[in-house]
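K.L.:
What follows is coords-v9.cif, made up of mmCIF, N, CA and C atoms:
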```
data_query
#
loop_
_atom_site.label_atom_id
_atom_site.label_comp_id
_atom_site.auth_asym_id
_atom_site.auth_seq_id
_atom_site.Cartn_x
_atom_site.Cartn_y
_atom_site.Cartn_z
N ALA E 1 0.85 -1.18 0.00
CA ALA E 1 0.00 0.00 0.00
C ALA E 1 0.89 1.24 0.00
N ALA E 2 0.35 2.30 -0.47
CA ALA E 2 1.04 3.58 -0.44
C ALA E 2 0.33 4.49 0.54
N ALA E 3 1.09 5.34 1.21
CA ALA E 3 0.50 6.30 2.14
C ALA E 3 1.14 7.65 1.90
N ARG E 4 0.35 8.69 2.04
CA ARG E 4 0.90 10.04 1.94
C ARG E 4 0.22 10.92 2.98
N ILE E 5 0.94 11.93 3.42
CA ILE E 5 0.33 12.92 4.31
C ILE E 5 0.28 14.24 3.56
N GLN E 6 -0.78 14.95 3.81
CA GLN E 6 -0.92 16.27 3.19
C GLN E 6 -1.60 17.20 4.17
N THR E 7 -1.34 18.46 3.97
CA THR E 7 -2.00 19.47 4.79
C THR E 7 -3.47 19.53 4.38
N PRO E 8 -4.34 20.07 5.22
CA PRO E 8 -5.76 20.14 4.88
C PRO E 8 -6.04 20.86 3.55
N ASP E 9 -5.11 21.71 3.10
CA ASP E 9 -5.32 22.39 1.81
C ASP E 9 -4.79 21.57 0.63
N GLY E 10 -4.29 20.35 0.89
CA GLY E 10 -3.90 19.45 -0.19
C GLY E 10 -2.43 19.40 -0.53
N ALA E 11 -1.57 20.16 0.16
CA ALA E 11 -0.14 20.14 -0.12
C ALA E 11 0.48 18.86 0.45
N VAL E 12 1.04 18.01 -0.41
CA VAL E 12 1.63 16.76 0.02
C VAL E 12 2.95 17.04 0.74
N LYS E 13 3.10 16.46 1.94
CA LYS E 13 4.28 16.71 2.77
C LYS E 13 5.15 15.48 2.99
N GLY E 14 4.72 14.33 2.53
CA GLY E 14 5.53 13.13 2.69
C GLY E 14 4.75 11.90 2.27
N GLY E 15 5.47 10.80 2.12
CA GLY E 15 4.82 9.56 1.72
C GLY E 15 5.73 8.38 1.93
N ALA E 16 5.15 7.19 1.81
CA ALA E 16 5.91 5.96 1.98
C ALA E 16 5.10 4.80 1.41
N TYR E 17 5.79 3.70 1.18
CA TYR E 17 5.15 2.44 0.81
C TYR E 17 5.22 1.51 2.01
N SER E 18 4.19 0.70 2.18
CA SER E 18 4.17 -0.21 3.33
C SER E 18 5.16 -1.35 3.14
N ASP E 19 5.56 -1.93 4.27
CA ASP E 19 6.41 -3.12 4.21
C ASP E 19 5.51 -4.35 4.04
N VAL E 20 6.07 -5.55 4.12
CA VAL E 20 5.29 -6.77 3.90
C VAL E 20 4.21 -6.97 4.96
N ASP E 21 4.33 -6.33 6.09
CA ASP E 21 3.31 -6.43 7.14
C ASP E 21 2.27 -5.32 7.05
N GLY E 22 2.40 -4.42 6.06
CA GLY E 22 1.45 -3.33 5.90
C GLY E 22 1.78 -2.10 6.72
N ALA E 23 2.93 -2.09 7.37
CA ALA E 23 3.32 -0.93 8.20
C ALA E 23 4.15 0.05 7.39
N PHE E 24 4.04 1.30 7.74
CA PHE E 24 4.85 2.33 7.08
C PHE E 24 5.21 3.40 8.09
N THR E 25 6.28 4.14 7.79
CA THR E 25 6.73 5.25 8.62
C THR E 25 6.90 6.47 7.74
N ILE E 26 6.32 7.57 8.16
CA ILE E 26 6.47 8.85 7.47
C ILE E 26 6.90 9.87 8.50
N GLN E 27 7.99 10.58 8.24
CA GLN E 27 8.43 11.64 9.13
C GLN E 27 7.97 12.97 8.58
N ALA E 28 7.49 13.83 9.48
CA ALA E 28 6.98 15.14 9.06
C ALA E 28 7.18 16.14 10.18
N PRO E 29 7.30 17.40 9.82
CA PRO E 29 7.38 18.44 10.85
C PRO E 29 6.04 18.60 11.56
N ALA E 30 6.06 19.27 12.69
CA ALA E 30 4.83 19.53 13.44
C ALA E 30 3.80 20.19 12.52
N GLY E 31 2.54 19.83 12.72
CA GLY E 31 1.47 20.40 11.90
C GLY E 31 0.24 19.52 11.95
N THR E 32 -0.76 19.90 11.18
CA THR E 32 -1.99 19.14 11.06
C THR E 32 -2.04 18.52 9.67
N TYR E 33 -2.31 17.21 9.63
CA TYR E 33 -2.24 16.49 8.37
C TYR E 33 -3.43 15.57 8.17
N ASP E 34 -3.68 15.26 6.91
CA ASP E 34 -4.59 14.19 6.52
C ASP E 34 -3.71 13.06 6.01
N LEU E 35 -4.00 11.84 6.42
CA LEU E 35 -3.28 10.66 5.97
C LEU E 35 -4.15 9.93 4.96
N ILE E 36 -3.61 9.70 3.76
CA ILE E 36 -4.35 9.01 2.71
C ILE E 36 -3.61 7.72 2.40
N ILE E 37 -4.32 6.60 2.51
CA ILE E 37 -3.72 5.28 2.27
C ILE E 37 -4.41 4.67 1.06
N THR E 38 -3.61 4.19 0.10
CA THR E 38 -4.17 3.64 -1.13
C THR E 38 -3.50 2.31 -1.47
N PHE E 39 -4.24 1.47 -2.19
CA PHE E 39 -3.72 0.22 -2.72
C PHE E 39 -4.58 -0.16 -3.92
N ALA E 40 -3.96 -0.68 -4.96
CA ALA E 40 -4.68 -1.02 -6.19
C ALA E 40 -5.87 -1.92 -5.89
N SER E 41 -6.98 -1.62 -6.51
CA SER E 41 -8.23 -2.38 -6.41
C SER E 41 -8.94 -2.24 -5.06
N PHE E 42 -8.49 -1.31 -4.23
CA PHE E 42 -9.14 -1.05 -2.94
C PHE E 42 -9.53 0.42 -2.86
N ARG E 43 -10.59 0.69 -2.10
CA ARG E 43 -10.99 2.08 -1.88
C ARG E 43 -9.96 2.75 -0.98
N PRO E 44 -9.52 3.97 -1.34
CA PRO E 44 -8.58 4.67 -0.47
C PRO E 44 -9.23 5.01 0.87
N ASP E 45 -8.41 5.15 1.88
CA ASP E 45 -8.90 5.55 3.20
C ASP E 45 -8.20 6.84 3.59
N THR E 46 -8.96 7.78 4.13
CA THR E 46 -8.40 9.05 4.59
C THR E 46 -8.67 9.19 6.08
N ILE E 47 -7.62 9.49 6.82
CA ILE E 47 -7.74 9.81 8.24
C ILE E 47 -7.41 11.29 8.34
N ALA E 48 -8.40 12.10 8.62
CA ALA E 48 -8.25 13.55 8.56
C ALA E 48 -7.94 14.14 9.94
N GLY E 49 -7.21 15.25 9.91
CA GLY E 49 -7.00 16.05 11.11
C GLY E 49 -6.03 15.49 12.12
N ILE E 50 -5.01 14.78 11.67
CA ILE E 50 -3.99 14.27 12.60
C ILE E 50 -3.09 15.44 13.01
N VAL E 51 -3.01 15.71 14.29
CA VAL E 51 -2.19 16.81 14.80
C VAL E 51 -0.88 16.24 15.34
N LEU E 52 0.22 16.70 14.77
CA LEU E 52 1.56 16.30 15.23
C LEU E 52 2.23 17.50 15.87
N ASN E 53 2.67 17.32 17.11
CA ASN E 53 3.48 18.33 17.79
C ASN E 53 4.93 17.89 17.71
N GLU E 54 5.84 18.78 17.95
CA GLU E 54 7.27 18.47 17.92
C GLU E 54 7.57 17.23 18.76
N GLY E 55 8.20 16.22 18.17
CA GLY E 55 8.59 15.01 18.86
C GLY E 55 7.50 13.95 18.99
N ASP E 56 6.30 14.23 18.51
CA ASP E 56 5.20 13.26 18.60
C ASP E 56 5.42 12.06 17.69
N VAL E 57 4.85 10.94 18.11
CA VAL E 57 4.71 9.75 17.27
C VAL E 57 3.21 9.46 17.24
N SER E 58 2.66 9.35 16.06
CA SER E 58 1.23 9.08 15.91
C SER E 58 1.06 7.74 15.22
N ILE E 59 0.33 6.83 15.85
CA ILE E 59 0.06 5.52 15.25
C ILE E 59 -1.39 5.53 14.78
N GLN E 60 -1.58 5.26 13.51
CA GLN E 60 -2.91 5.24 12.91
C GLN E 60 -3.16 3.87 12.31
N ASN E 61 -4.35 3.34 12.49
CA ASN E 61 -4.72 2.06 11.91
C ASN E 61 -5.81 2.28 10.86
N SER E 62 -5.76 1.47 9.82
CA SER E 62 -6.71 1.62 8.73
C SER E 62 -7.06 0.25 8.16
N ILE E 63 -8.25 0.15 7.63
CA ILE E 63 -8.67 -1.03 6.88
C ILE E 63 -9.09 -0.56 5.50
N LEU E 64 -8.52 -1.17 4.48
CA LEU E 64 -8.92 -0.84 3.11
C LEU E 64 -9.93 -1.88 2.63
N TYR E 65 -10.97 -1.40 1.98
CA TYR E 65 -12.03 -2.27 1.50
C TYR E 65 -11.96 -2.42 -0.01
N ASP E 66 -12.31 -3.60 -0.48
CA ASP E 66 -12.33 -3.92 -1.90
C ASP E 66 -13.17 -2.88 -2.66
N ALA E 67 -12.65 -2.39 -3.75
CA ALA E 67 -13.34 -1.35 -4.51
C ALA E 67 -14.26 -1.92 -5.58
N SER E 68 -14.39 -3.25 -5.65
CA SER E 68 -15.25 -3.82 -6.68
C SER E 68 -16.68 -3.35 -6.50
N MET E 69 -17.36 -3.31 -7.58
CA MET E 69 -18.74 -2.84 -7.55
C MET E 69 -19.62 -3.82 -6.80
N ASN E 70 -20.69 -3.30 -6.21
CA ASN E 70 -21.67 -4.18 -5.57
C ASN E 70 -22.36 -5.01 -6.64
N VAL E 71 -22.69 -6.22 -6.32
CA VAL E 71 -23.36 -7.11 -7.26
C VAL E 71 -24.84 -6.76 -7.30
N VAL E 72 -25.36 -6.62 -8.51
CA VAL E 72 -26.77 -6.33 -8.71
C VAL E 72 -27.36 -7.50 -9.47
N THR E 73 -28.48 -8.03 -9.01
CA THR E 73 -29.13 -9.14 -9.69
C THR E 73 -30.26 -8.61 -10.55
N ILE E 74 -30.25 -9.00 -11.82
CA ILE E 74 -31.33 -8.64 -12.74
C ILE E 74 -31.99 -9.93 -13.17
N THR E 75 -33.30 -9.99 -13.03
CA THR E 75 -34.06 -11.19 -13.39
C THR E 75 -34.91 -10.88 -14.60
N ALA E 76 -34.85 -11.73 -15.62
CA ALA E 76 -35.68 -11.56 -16.82
C ALA E 76 -36.71 -12.68 -16.84
N GLU E 77 -37.93 -12.31 -17.18
CA GLU E 77 -39.00 -13.29 -17.29
C GLU E 77 -39.62 -13.16 -18.67
N ALA E 78 -39.95 -14.28 -19.25
CA ALA E 78 -40.59 -14.26 -20.57
C ALA E 78 -42.01 -13.72 -20.44
N ASP E 79 -42.43 -12.99 -21.45
CA ASP E 79 -43.80 -12.47 -21.50
C ASP E 79 -44.74 -13.61 -21.85
N LYS E 80 -45.76 -13.82 -21.07
CA LYS E 80 -46.71 -14.91 -21.29
C LYS E 80 -47.53 -14.74 -22.57
N LYS E 81 -47.53 -13.52 -23.13
CA LYS E 81 -48.32 -13.27 -24.34
C LYS E 81 -47.64 -13.86 -25.56
N GLY E 82 -46.38 -14.19 -25.44
CA GLY E 82 -45.70 -14.80 -26.56
C GLY E 82 -45.20 -13.83 -27.61
N ASP E 83 -45.14 -12.50 -27.27
CA ASP E 83 -44.67 -11.54 -28.25
C ASP E 83 -43.16 -11.33 -28.20
N GLY E 84 -42.48 -12.13 -27.40
CA GLY E 84 -41.02 -12.07 -27.35
C GLY E 84 -40.47 -11.00 -26.40
N ALA E 85 -41.32 -10.19 -25.81
CA ALA E 85 -40.85 -9.14 -24.90
C ALA E 85 -40.42 -9.77 -23.58
N ALA E 86 -39.49 -9.12 -22.91
CA ALA E 86 -39.04 -9.59 -21.60
C ALA E 86 -39.24 -8.47 -20.59
N MET E 87 -39.41 -8.83 -19.36
CA MET E 87 -39.60 -7.84 -18.30
C MET E 87 -38.42 -7.95 -17.34
N LEU E 88 -37.82 -6.84 -17.03
CA LEU E 88 -36.71 -6.80 -16.09
C LEU E 88 -37.20 -6.21 -14.78
N ARG E 89 -36.72 -6.80 -13.70
CA ARG E 89 -37.06 -6.22 -12.40
C ARG E 89 -35.86 -6.28 -11.50
#
```
Rewrite the structure from the file as structure tokens, please.
P.N.:
Amino acid sequence: AAARIQTPDGAVKGGAYSDVDGAFTIQAPAGTYDLIITFASFRPDTIAGIVLNEGDVSIQNSILYDASMNVVTITAEADKKGDGAAMLR
């Protein structure tokens, strides 16, 4: 997974790729940041408003969810009149 931190106005201040265990470390100066975590085929996760003071260590946990579309079932039934039309519901 990839992670980046940015200021609330969108300025990217750092980033990293996760290790094999999914952990990452990003060093940044004191400030308020949004953490955005992304991975291919998964919905990104944003943790907003992380406040770092000088010397702070902030541990954030995230779960990324599959970005695949929800499954929709469409059922077709033959028209009893025999005109070849189908009805979807």
K.L.:
Could you please determine the separation between atom CA of E:Ser62 and atom CA of E:Ile37 in Å, to one decimal place?
P.N.:
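That distance, rounded to one decimal, is 8.0 Å.
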K.L.:
Evaluate the PyMOL selection byres (((chain E and resi 54 and name CA) around 8) and name CA) on the structure here and hand back the selected residues as a list in words.
P.N.:
Pro29, Ala30, Leu52, Asn53, Gly55 and Asp56 of chain E
K.L.:
Taking the file above as input, evaluate the PyMOL selection byres ((chain E and resi 17-28) around 5) and report the hits as a ChimeraX atom specification.
P.N.:
/E:1-3,15-16,29-30
K.L.:
Just to confirm, what's the straight-line distance from atom CA of E:Val57 to atom CA of E:Ala40 in Å (one decimal)?
P.N.:
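For atom CA of E:Val57 relative to atom CA of E:Ala40, the distance reads 27.5 Å.
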K.L.:
From the options E:Ser68, E:Ile50, E:Ile59, E:Asp45, which residue's atoms come nearest to E:Thr32, counting only N, CA and C atoms?
P.N.:
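Closest residue, counting only N, CA and C atoms: E:Ile50.
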K.L.:
Interatomic distance between atom CA of E:Phe42 and atom CA of E:Asp66?
P.N.:
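Atom CA of E:Asp66 lies at a distance of 4.4 Å from atom CA of E:Phe42.
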K.L.:
Identify which of the residues E:Pro8, E:Gly14, E:Gly31, E:Pro44 lies closest to E:Ala67, counting all atoms listed in the file when measuring atom-to-atom distances.
P.N.:
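The closest residue to E:Ala67 is E:Pro44.
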K.L.:
Would you translate the PyMOL selection byres ((chain E and resi 7) around 8) into the concrete set of residues it matches in this file, as a list of chain:residue names?
P.N.:
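That selection, the PyMOL selection byres ((chain E and resi 7) around 8), comes back as E:Arg4, E:Ile5, E:Gln6, E:Pro8, E:Asp9, E:Gly10, E:Ala11, E:Val12, E:Lys13, E:Gly14, E:Gly31, E:Thr32, E:Tyr33, E:Asp34, E:Leu35, E:Gly49.
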K.L.:
Generate N, CA, C and O atoms for stretch 18-31 of chain E and emit them as a compact mmCIF listing (two decimals), keeping the file's coordinate frame.
P.N.:
```
# COMPACT_ATOMS: atom_id res chain seq x y z
N SER E 18 4.19 0.70 2.18
CA SER E 18 4.17 -0.21 3.33
C SER E 18 5.16 -1.35 3.14
O SER E 18 5.54 -1.69 2.02
N ASP E 19 5.56 -1.93 4.27
CA ASP E 19 6.41 -3.12 4.21
C ASP E 19 5.51 -4.35 4.04
O ASP E 19 4.29 -4.22 3.86
N VAL E 20 6.07 -5.55 4.12
CA VAL E 20 5.29 -6.77 3.90
C VAL E 20 4.21 -6.97 4.96
O VAL E 20 3.25 -7.71 4.72
N ASP E 21 4.33 -6.33 6.09
CA ASP E 21 3.31 -6.43 7.14
C ASP E 21 2.27 -5.32 7.05
O ASP E 21 1.37 -5.24 7.89
N GLY E 22 2.40 -4.42 6.06
CA GLY E 22 1.45 -3.33 5.90
C GLY E 22 1.78 -2.10 6.72
O GLY E 22 1.00 -1.15 6.77
N ALA E 23 2.93 -2.09 7.37
CA ALA E 23 3.32 -0.93 8.20
C ALA E 23 4.15 0.05 7.39
O ALA E 23 4.85 -0.33 6.46
N PHE E 24 4.04 1.30 7.74
CA PHE E 24 4.85 2.33 7.08
C PHE E 24 5.21 3.40 8.09
O PHE E 24 4.56 3.56 9.12
N THR E 25 6.28 4.14 7.79
CA THR E 25 6.73 5.25 8.62
C THR E 25 6.90 6.47 7.74
O THR E 25 7.54 6.40 6.69
N ILE E 26 6.32 7.57 8.16
CA ILE E 26 6.47 8.85 7.47
C ILE E 26 6.90 9.87 8.50
O ILE E 26 6.26 10.01 9.54
N GLN E 27 7.99 10.58 8.24
CA GLN E 27 8.43 11.64 9.13
C GLN E 27 7.97 12.97 8.58
O GLN E 27 8.04 13.21 7.37
N ALA E 28 7.49 13.83 9.48
CA ALA E 28 6.98 15.14 9.06
C ALA E 28 7.18 16.14 10.18
O ALA E 28 7.19 15.77 11.36
N PRO E 29 7.30 17.40 9.82
CA PRO E 29 7.38 18.44 10.85
C PRO E 29 6.04 18.60 11.56
O PRO E 29 5.01 18.09 11.10
N ALA E 30 6.06 19.27 12.69
CA ALA E 30 4.83 19.53 13.44
C ALA E 30 3.80 20.19 12.52
O ALA E 30 4.14 20.98 11.64
N GLY E 31 2.54 19.83 12.72
CA GLY E 31 1.47 20.40 11.90
C GLY E 31 0.24 19.52 11.95
O GLY E 31 0.20 18.50 12.64
```
